[in-house]
Structure formats: C-alpha cells, structure tokens
$ cat run35.cif   # mmCIF, C-alpha atoms, pLDDT in the B column; chains and numbers go by the auth columns
data_query
#
loop_
_atom_site.group_PDB
_atom_site.id
_atom_site.type_symbol
_atom_site.label_atom_id
_atom_site.label_comp_id
_atom_site.label_asym_id
_atom_site.label_seq_id
_atom_site.Cartn_x
_atom_site.Cartn_y
_atom_site.Cartn_z
_atom_site.B_iso_or_equiv
_atom_site.auth_seq_id
_atom_site.auth_asym_id
ATOM 1 C CA PHE A 1 156.404 126.576 93.814 94.00 1 A
ATOM 2 C CA ASP A 2 155.849 129.943 92.128 93.00 2 A
ATOM 3 C CA ALA A 3 155.971 130.666 88.405 94.00 3 A
ATOM 4 C CA THR A 4 155.440 133.829 86.413 93.00 4 A
ATOM 5 C CA LEU A 5 155.106 133.486 82.657 93.00 5 A
ATOM 6 C CA TRP A 6 154.426 135.619 79.573 90.00 6 A
ATOM 7 C CA GLN A 7 155.851 138.851 80.996 89.00 7 A
ATOM 8 C CA GLY A 8 153.814 138.572 84.196 88.00 8 A
ATOM 9 C CA ARG A 9 150.479 137.919 82.476 92.00 9 A
ATOM 10 C CA PHE A 10 150.179 134.448 84.040 96.00 10 A
ATOM 11 C CA THR A 11 151.120 133.387 87.564 96.00 11 A
ATOM 12 C CA LEU A 12 150.929 129.972 89.159 96.00 12 A
ATOM 13 C CA THR A 13 151.471 129.112 92.821 97.00 13 A
ATOM 14 C CA LEU A 14 151.515 125.622 94.331 97.00 14 A
ATOM 15 C CA THR A 15 151.731 125.128 98.100 96.00 15 A
ATOM 16 C CA LYS A 16 151.776 121.818 99.988 97.00 16 A
ATOM 17 C CA TYR A 17 151.781 121.686 103.752 95.00 17 A
ATOM 18 C CA ASN A 18 152.037 119.127 106.502 95.00 18 A
ATOM 19 C CA LYS A 19 151.775 120.687 109.944 94.00 19 A
ATOM 20 C CA THR A 20 151.498 118.968 113.315 93.00 20 A
ATOM 21 C CA ARG A 21 150.366 120.940 116.363 89.00 21 A
ATOM 22 C CA LYS A 22 151.205 119.376 119.696 90.00 22 A
ATOM 23 C CA ASN A 23 149.145 120.682 122.615 85.00 23 A
ATOM 24 C CA ALA A 24 146.572 122.065 120.161 84.00 24 A
ATOM 25 C CA ILE A 25 144.417 124.755 121.738 86.00 25 A
ATOM 26 C CA ILE A 26 140.864 124.803 120.371 81.00 26 A
ATOM 27 C CA THR A 27 137.660 126.531 121.404 82.00 27 A
ATOM 28 C CA VAL A 28 135.079 124.169 122.879 77.00 28 A
ATOM 29 C CA PRO A 29 131.632 124.989 124.243 74.00 29 A
ATOM 30 C CA ILE A 30 130.817 124.592 127.914 73.00 30 A
ATOM 31 C CA ALA A 31 127.734 122.583 128.915 68.00 31 A
ATOM 32 C CA PRO A 32 124.509 123.825 127.260 63.00 32 A
ATOM 33 C CA SER A 33 123.059 124.518 130.705 65.00 33 A
ATOM 34 C CA VAL A 34 125.579 127.373 131.064 63.00 34 A
ATOM 35 C CA SER A 35 124.614 130.362 128.927 60.00 35 A
ATOM 36 C CA LEU A 36 124.653 134.137 128.908 63.00 36 A
ATOM 37 C CA ALA A 37 121.557 136.289 129.400 62.00 37 A
ATOM 38 C CA ASP A 38 121.198 136.703 125.614 64.00 38 A
ATOM 39 C CA GLY A 39 121.111 132.904 125.164 61.00 39 A
ATOM 40 C CA SER A 40 124.608 132.557 123.698 64.00 40 A
ATOM 41 C CA GLN A 41 126.858 129.881 125.149 64.00 41 A
ATOM 42 C CA PHE A 42 130.165 130.183 126.888 74.00 42 A
ATOM 43 C CA THR A 43 133.227 128.675 125.249 78.00 43 A
ATOM 44 C CA ILE A 44 136.650 127.921 126.617 79.00 44 A
ATOM 45 C CA ALA A 45 140.060 127.509 124.998 82.00 45 A
ATOM 46 C CA GLU A 46 141.272 124.025 125.830 83.00 46 A
ATOM 47 C CA ASN A 47 144.383 121.944 125.126 86.00 47 A
ATOM 48 C CA VAL A 48 143.017 118.771 123.528 86.00 48 A
ATOM 49 C CA GLY A 49 146.085 116.990 122.155 90.00 49 A
ATOM 50 C CA GLU A 50 147.886 116.630 118.842 92.00 50 A
ATOM 51 C CA VAL A 51 146.356 117.701 115.513 91.00 51 A
ATOM 52 C CA ARG A 52 147.851 117.163 112.048 95.00 52 A
ATOM 53 C CA ASN A 53 146.856 119.372 109.083 93.00 53 A
ATOM 54 C CA THR A 54 147.850 118.449 105.542 95.00 54 A
ATOM 55 C CA GLY A 55 146.792 119.953 102.264 95.00 55 A
ATOM 56 C CA THR A 56 147.493 121.509 98.911 96.00 56 A
ATOM 57 C CA GLU A 57 146.674 124.930 97.511 97.00 57 A
ATOM 58 C CA ILE A 58 146.907 125.878 93.829 97.00 58 A
ATOM 59 C CA THR A 59 146.380 129.422 92.574 97.00 59 A
ATOM 60 C CA ALA A 60 146.447 130.536 88.938 97.00 60 A
ATOM 61 C CA ASN A 61 145.890 134.096 87.722 97.00 61 A
ATOM 62 C CA ALA A 62 145.871 135.386 84.160 96.00 62 A
ATOM 63 C CA THR A 63 145.642 138.821 82.622 93.00 63 A
ATOM 64 C CA VAL A 64 143.355 138.245 79.665 92.00 64 A
ATOM 65 C CA LEU A 65 143.300 141.818 78.384 90.00 65 A
ATOM 66 C CA GLU A 66 145.428 144.813 79.288 89.00 66 A
ATOM 67 C CA SER A 67 145.304 148.351 77.945 87.00 67 A
ATOM 68 C CA ARG A 68 145.035 151.852 79.381 81.00 68 A
ATOM 69 C CA ALA A 69 141.279 151.881 78.866 87.00 69 A
ATOM 70 C CA LEU A 70 140.473 148.324 79.949 90.00 70 A
ATOM 71 C CA SER A 71 142.068 145.437 81.798 92.00 71 A
ATOM 72 C CA TRP A 72 140.573 142.043 82.608 94.00 72 A
ATOM 73 C CA ASN A 73 142.017 139.428 84.984 95.00 73 A
ATOM 74 C CA VAL A 74 140.736 135.958 85.837 97.00 74 A
ATOM 75 C CA GLY A 75 141.869 133.516 88.465 97.00 75 A
ATOM 76 C CA VAL A 76 141.180 130.228 90.142 97.00 76 A
ATOM 77 C CA ASP A 77 142.067 128.942 93.613 97.00 77 A
ATOM 78 C CA LEU A 78 141.773 125.240 94.409 97.00 78 A
ATOM 79 C CA SER A 79 142.570 123.789 97.806 96.00 79 A
ATOM 80 C CA ASN A 80 142.142 120.675 99.848 95.00 80 A
ATOM 81 C CA ASP A 81 142.599 120.514 103.593 93.00 81 A
ATOM 82 C CA ASN A 82 142.666 117.501 105.875 92.00 82 A
ATOM 83 C CA ASN A 83 142.865 117.686 109.631 91.00 83 A
ATOM 84 C CA VAL A 84 143.061 114.730 111.974 92.00 84 A
ATOM 85 C CA LEU A 85 143.094 114.539 115.740 92.00 85 A
ATOM 86 C CA VAL A 86 146.161 112.295 116.141 93.00 86 A
ATOM 87 C CA HIS A 87 145.714 111.695 119.863 92.00 87 A
ATOM 88 C CA LEU A 88 144.129 113.247 122.928 91.00 88 A
ATOM 89 C CA ASN A 89 146.091 114.487 125.900 89.00 89 A
ATOM 90 C CA PRO A 90 146.496 111.961 128.747 90.00 90 A
ATOM 91 C CA GLY A 91 143.399 111.748 130.907 86.00 91 A
ATOM 92 C CA ARG A 92 141.051 113.125 128.243 86.00 92 A
ATOM 93 C CA GLN A 93 138.438 110.777 126.817 89.00 93 A
ATOM 94 C CA PRO A 94 137.002 110.916 123.278 90.00 94 A
ATOM 95 C CA ASP A 95 134.048 113.304 123.070 88.00 95 A
ATOM 96 C CA TYR A 96 131.659 112.233 120.305 88.00 96 A
ATOM 97 C CA ALA A 97 129.272 115.138 120.912 84.00 97 A
ATOM 98 C CA LEU A 98 132.058 117.658 120.202 84.00 98 A
ATOM 99 C CA GLY A 99 133.700 115.461 117.549 87.00 99 A
ATOM 100 C CA LEU A 100 136.992 115.022 119.401 90.00 100 A
ATOM 101 C CA VAL A 101 137.844 111.438 118.433 92.00 101 A
ATOM 102 C CA PRO A 102 141.436 110.324 117.702 94.00 102 A
ATOM 103 C CA GLY A 103 142.000 109.265 114.092 93.00 103 A
ATOM 104 C CA TYR A 104 139.136 111.430 112.796 93.00 104 A
ATOM 105 C CA PRO A 105 138.753 115.084 111.729 93.00 105 A
ATOM 106 C CA LEU A 106 138.305 117.690 114.442 87.00 106 A
ATOM 107 C CA PHE A 107 134.636 118.358 115.190 88.00 107 A
ATOM 108 C CA GLY A 108 133.469 115.431 113.044 91.00 108 A
ATOM 109 C CA LYS A 109 129.793 114.490 113.233 92.00 109 A
ATOM 110 C CA TRP A 110 128.815 111.241 114.970 91.00 110 A
ATOM 111 C CA VAL A 111 125.291 109.785 115.119 90.00 111 A
ATOM 112 C CA ARG A 112 123.477 106.590 115.944 89.00 112 A
ATOM 113 C CA PRO A 113 122.114 105.439 112.559 88.00 113 A
ATOM 114 C CA ILE A 114 118.451 104.659 111.990 86.00 114 A
ATOM 115 C CA ARG A 115 118.096 100.876 111.755 87.00 115 A
ATOM 116 C CA TYR A 116 114.451 100.978 110.752 85.00 116 A
ATOM 117 C CA PHE A 117 111.152 102.731 111.301 84.00 117 A
ATOM 118 C CA ALA A 118 107.552 101.679 110.991 80.00 118 A
ATOM 119 C CA ASP A 119 104.245 103.491 111.168 76.00 119 A
ATOM 120 C CA ASN A 120 102.667 101.526 114.011 76.00 120 A
ATOM 121 C CA ASN A 121 99.559 103.700 113.816 75.00 121 A
ATOM 122 C CA PRO A 122 98.623 102.566 110.300 69.00 122 A
ATOM 123 C CA HIS A 123 96.074 105.244 109.532 69.00 123 A
ATOM 124 C CA ASP A 124 97.788 108.399 110.741 76.00 124 A
ATOM 125 C CA GLY A 125 100.621 108.462 108.135 79.00 125 A
ATOM 126 C CA VAL A 126 103.041 110.052 110.600 82.00 126 A
ATOM 127 C CA ILE A 127 106.259 108.516 111.907 82.00 127 A
ATOM 128 C CA GLU A 128 106.515 109.355 115.605 81.00 128 A
ATOM 129 C CA PRO A 129 109.877 109.380 117.455 82.00 129 A
ATOM 130 C CA SER A 130 108.786 106.243 119.326 81.00 130 A
ATOM 131 C CA GLU A 131 108.456 104.416 115.970 83.00 131 A
ATOM 132 C CA ILE A 132 112.131 104.893 115.054 85.00 132 A
ATOM 133 C CA VAL A 133 114.731 102.303 116.085 86.00 133 A
ATOM 134 C CA LEU A 134 118.336 103.537 116.256 86.00 134 A
ATOM 135 C CA GLY A 135 121.536 101.526 116.065 87.00 135 A
ATOM 136 C CA ASP A 136 123.482 100.723 119.220 88.00 136 A
ATOM 137 C CA SER A 137 126.770 102.421 118.377 90.00 137 A
ATOM 138 C CA LEU A 138 127.797 105.781 116.942 91.00 138 A
ATOM 139 C CA VAL A 139 128.902 106.048 113.305 91.00 139 A
ATOM 140 C CA PHE A 140 131.096 108.764 111.787 91.00 140 A
ATOM 141 C CA GLN A 141 128.967 110.882 109.422 90.00 141 A
ATOM 142 C CA GLY A 142 131.470 113.403 108.095 90.00 142 A
ATOM 143 C CA GLU A 143 133.500 116.528 108.541 90.00 143 A
ATOM 144 C CA PRO A 144 132.091 119.943 109.440 87.00 144 A
ATOM 145 C CA ASN A 145 134.054 121.675 106.665 87.00 145 A
ATOM 146 C CA PRO A 146 134.488 120.775 103.005 90.00 146 A
ATOM 147 C CA LYS A 147 137.731 118.982 102.109 90.00 147 A
ATOM 148 C CA TYR A 148 137.905 120.678 98.726 95.00 148 A
ATOM 149 C CA GLN A 149 137.268 124.311 97.876 95.00 149 A
ATOM 150 C CA LEU A 150 137.193 126.012 94.492 97.00 150 A
ATOM 151 C CA ASN A 151 137.114 129.765 94.049 96.00 151 A
ATOM 152 C CA LEU A 152 136.776 131.477 90.676 97.00 152 A
ATOM 153 C CA HIS A 153 137.308 135.215 90.490 96.00 153 A
ATOM 154 C CA THR A 154 137.584 137.957 87.912 96.00 154 A
ATOM 155 C CA ASP A 155 138.101 141.680 87.863 94.00 155 A
ATOM 156 C CA VAL A 156 137.669 144.354 85.213 94.00 156 A
ATOM 157 C CA HIS A 157 139.280 147.792 85.425 92.00 157 A
ATOM 158 C CA LEU A 158 138.196 150.772 83.339 90.00 158 A
ATOM 159 C CA LEU A 159 139.501 154.308 82.839 83.00 159 A
ATOM 160 C CA ASN A 160 143.163 153.551 83.499 81.00 160 A
ATOM 161 C CA GLY A 161 142.306 151.661 86.706 76.00 161 A
ATOM 162 C CA ARG A 162 140.079 154.361 88.224 84.00 162 A
ATOM 163 C CA LEU A 163 137.010 152.116 88.213 89.00 163 A
ATOM 164 C CA GLY A 164 137.136 148.436 89.122 91.00 164 A
ATOM 165 C CA VAL A 165 134.562 145.675 89.284 92.00 165 A
ATOM 166 C CA TYR A 166 135.333 142.439 91.119 92.00 166 A
ATOM 167 C CA ALA A 167 133.385 139.165 91.100 92.00 167 A
ATOM 168 C CA THR A 168 133.962 135.898 92.961 91.00 168 A
#

$ encode --input "run35.cif" --output "structure tokens"
Amino acid sequence: FDATLWQGRFTLTLTKYNKTRKNAIITVPIAPSVSLADGSQFTIAENVGEVRNTGTEITANATVLESRALSWNVGVDLSNDNNVLVHLNPGRQPDYALGLVPGYPLFGKWVRPIRYFADNNPHDGVIEPSEIVLGDSLVFQGEPNPKYQLNLHTDVHLLNGRLGVYAT
C-alpha cells in the first residue's frame, strides 16, 4: 500500500510479506578446528531445508518545512521480521550449536540452563565452574536478530539544497 497526501508532503508505505524458500542456501561455519592462517574460520554455503520469512514494514515520511532557503524532512521506518526453519532436508539432523532446529528461528540460541550453583568453598566468595549444575536438556534462549526495528531519520537542506545534513 502506498499513499501520497498533501501535495506530496506526506508519504506512507505499508508492505507485508510471506515468503517461503525451499532448498534454502545459508552460510554455515566449518568445524572450529579448521581455520585460516589469520585465525578466521572457513564457511560453506549449504542447502539446509525450507525457511519461511514473514513480516511487515511501515514507512512514513513528512516534509515539515519547505522553502528555497530551508527544507526539513522527517521520517520513521518500523518493521518486524520473523523467520522459521520449517523443516530440514532429508538426512540432516537438527544442529543446536548452529541454531538449525525445525520450528524455530534460523541461528537461534540454545543453552543448557543453570539449575543451581553453590559456593562449596565457603570462604573464597568465588563460584567455580565445578560448583555450577546445568540442566539436562537444551532450552531455546532467543533469536540472533531483533524481531522489531525502529528507525527515525531527519534531514535539513540549506541554500536551495546545496548543503544537506542527515541524521538517523
């Protein structure tokens, strides 16, 4: 949906999408033991399965002031994006370390939760790794990217547009 109002001084755009990628190719790292001389890791493009992306984007822009000497525009962009790994390709198992788990966002974070901890050395005041007891199974902790994003921006133009200042 696109709308332009008040002789072009206000614009509004609304976009909704629902996209499914079958045979989704994503970049995944190779084992940490494999690395380049500079310490960076190798990655490989791999077909993991089916991924569904859904979301909404809203953009509004307004010209607050407009003259030959000065113009001022403001805008806002709001979006939400959801991605889900629908299913893995046959023969591929869920990979919790990479966050490739069907029914969850791509690259989601999985951890074994802390059940409890206790300072067994009562006078040192330090919790050692051996004093932490973790849960038995992995728990989904969240997505690597924010679901919602908000961007505010403005620009001011002086001297008939010869000088511009932009801020986000």

$ closest_residue --input "run35.cif" --among "A:Ile26, A:Asn61, A:Asn145, A:Asn120" --to "A:Leu5" --atoms "all atoms listed in the file"
A:Asn61

$ resolve_selection --input "run35.cif" --expression "the PyMOL selection byres ((chain A and resi 88) around 6)" --output "JSON, numbers by chain"
{"A": [48, 49, 87, 89]}

$ closest_residue --input "run35.cif" --among "A:Val74, A:Leu65, A:Leu159, A:Ala45" --to "A:Thr27" --atoms "only C-alpha atoms"
A:Ala45

$ residues_around --input "run35.cif" --residues "stretch 51-56 of chain A" --least-positions-apart "6" --cutoff "8 Å" --atoms "all atoms listed in the file" --output "VMD selection string"
chain A and resid 14 to 22 24 79 to 87

$ residues_around --input "run35.cif" --residues "A:Thr59" --least-positions-apart "6" --cutoff "12 Å" --atoms "all atoms listed in the file" --output "JSON, numbers by chain"
{"A": [1, 2, 3, 4, 10, 11, 12, 13, 14, 15, 16, 74, 75, 76, 77, 78, 79, 149, 150, 151, 152, 153]}

$ atom_distance --input "run35.cif" --atom1 "atom CA of A:Val64" --atom2 "atom CA of A:Tyr148"
26.5 Å

$ build_atoms --input "run35.cif" --residues "stretch 39-53 of chain A" --atoms "N, CA, C and O atoms" --output "mmCIF file, in the coordinates of the input"
data_model
loop_
_atom_site.group_PDB
_atom_site.id
_atom_site.type_symbol
_atom_site.label_atom_id
_atom_site.label_comp_id
_atom_site.auth_asym_id
_atom_site.auth_seq_id
_atom_site.Cartn_x
_atom_site.Cartn_y
_atom_site.Cartn_z
ATOM 1 N N GLY A 39 121.306 134.254 125.685
ATOM 2 C CA GLY A 39 121.111 132.904 125.164
ATOM 3 C C GLY A 39 122.339 132.305 124.520
ATOM 4 O O GLY A 39 122.359 131.125 124.206
ATOM 5 N N SER A 40 123.390 133.108 124.291
ATOM 6 C CA SER A 40 124.608 132.557 123.698
ATOM 7 C C SER A 40 125.366 131.739 124.735
ATOM 8 O O SER A 40 125.238 131.966 125.935
ATOM 9 N N GLN A 41 126.148 130.787 124.249
ATOM 10 C CA GLN A 41 126.858 129.881 125.149
ATOM 11 C C GLN A 41 128.278 130.337 125.400
ATOM 12 O O GLN A 41 128.884 131.013 124.581
ATOM 13 N N PHE A 42 128.771 129.947 126.560
ATOM 14 C CA PHE A 42 130.165 130.183 126.888
ATOM 15 C C PHE A 42 131.036 129.180 126.144
ATOM 16 O O PHE A 42 130.624 128.054 125.886
ATOM 17 N N THR A 43 132.243 129.595 125.796
ATOM 18 C CA THR A 43 133.227 128.675 125.249
ATOM 19 C C THR A 43 134.512 128.856 126.038
ATOM 20 O O THR A 43 134.701 129.856 126.725
ATOM 21 N N ILE A 44 135.382 127.874 125.920
ATOM 22 C CA ILE A 44 136.650 127.921 126.617
ATOM 23 C C ILE A 44 137.740 127.405 125.686
ATOM 24 O O ILE A 44 137.492 126.499 124.887
ATOM 25 N N ALA A 45 138.917 128.004 125.759
ATOM 26 C CA ALA A 45 140.060 127.509 124.998
ATOM 27 C C ALA A 45 140.665 126.361 125.790
ATOM 28 O O ALA A 45 140.952 126.495 126.972
ATOM 29 N N GLU A 46 140.828 125.227 125.126
ATOM 30 C CA GLU A 46 141.272 124.025 125.830
ATOM 31 C C GLU A 46 142.344 123.291 125.030
ATOM 32 O O GLU A 46 142.275 123.216 123.808
ATOM 33 N N ASN A 47 143.318 122.740 125.726
ATOM 34 C CA ASN A 47 144.383 121.944 125.126
ATOM 35 C C ASN A 47 143.847 120.525 124.977
ATOM 36 O O ASN A 47 143.614 119.837 125.968
ATOM 37 N N VAL A 48 143.631 120.081 123.741
ATOM 38 C CA VAL A 48 143.017 118.771 123.528
ATOM 39 C C VAL A 48 144.001 117.675 123.165
ATOM 40 O O VAL A 48 143.745 116.514 123.403
ATOM 41 N N GLY A 49 145.137 118.025 122.553
ATOM 42 C CA GLY A 49 146.085 116.990 122.155
ATOM 43 C C GLY A 49 146.843 117.387 120.908
ATOM 44 O O GLY A 49 147.166 118.546 120.710
ATOM 45 N N GLU A 50 147.093 116.409 120.052
ATOM 46 C CA GLU A 50 147.886 116.630 118.842
ATOM 47 C C GLU A 50 147.004 116.573 117.607
ATOM 48 O O GLU A 50 146.221 115.634 117.432
ATOM 49 N N VAL A 51 147.140 117.595 116.743
ATOM 50 C CA VAL A 51 146.356 117.701 115.513
ATOM 51 C C VAL A 51 147.314 117.827 114.335
ATOM 52 O O VAL A 51 148.286 118.570 114.400
ATOM 53 N N ARG A 52 147.034 117.084 113.259
ATOM 54 C CA ARG A 52 147.851 117.163 112.048
ATOM 55 C C ARG A 52 146.994 117.727 110.908
ATOM 56 O O ARG A 52 145.900 117.231 110.635
ATOM 57 N N ASN A 53 147.500 118.768 110.249
ATOM 58 C CA ASN A 53 146.856 119.372 109.083
ATOM 59 C C ASN A 53 147.731 119.123 107.869
ATOM 60 O O ASN A 53 148.932 119.395 107.905
#
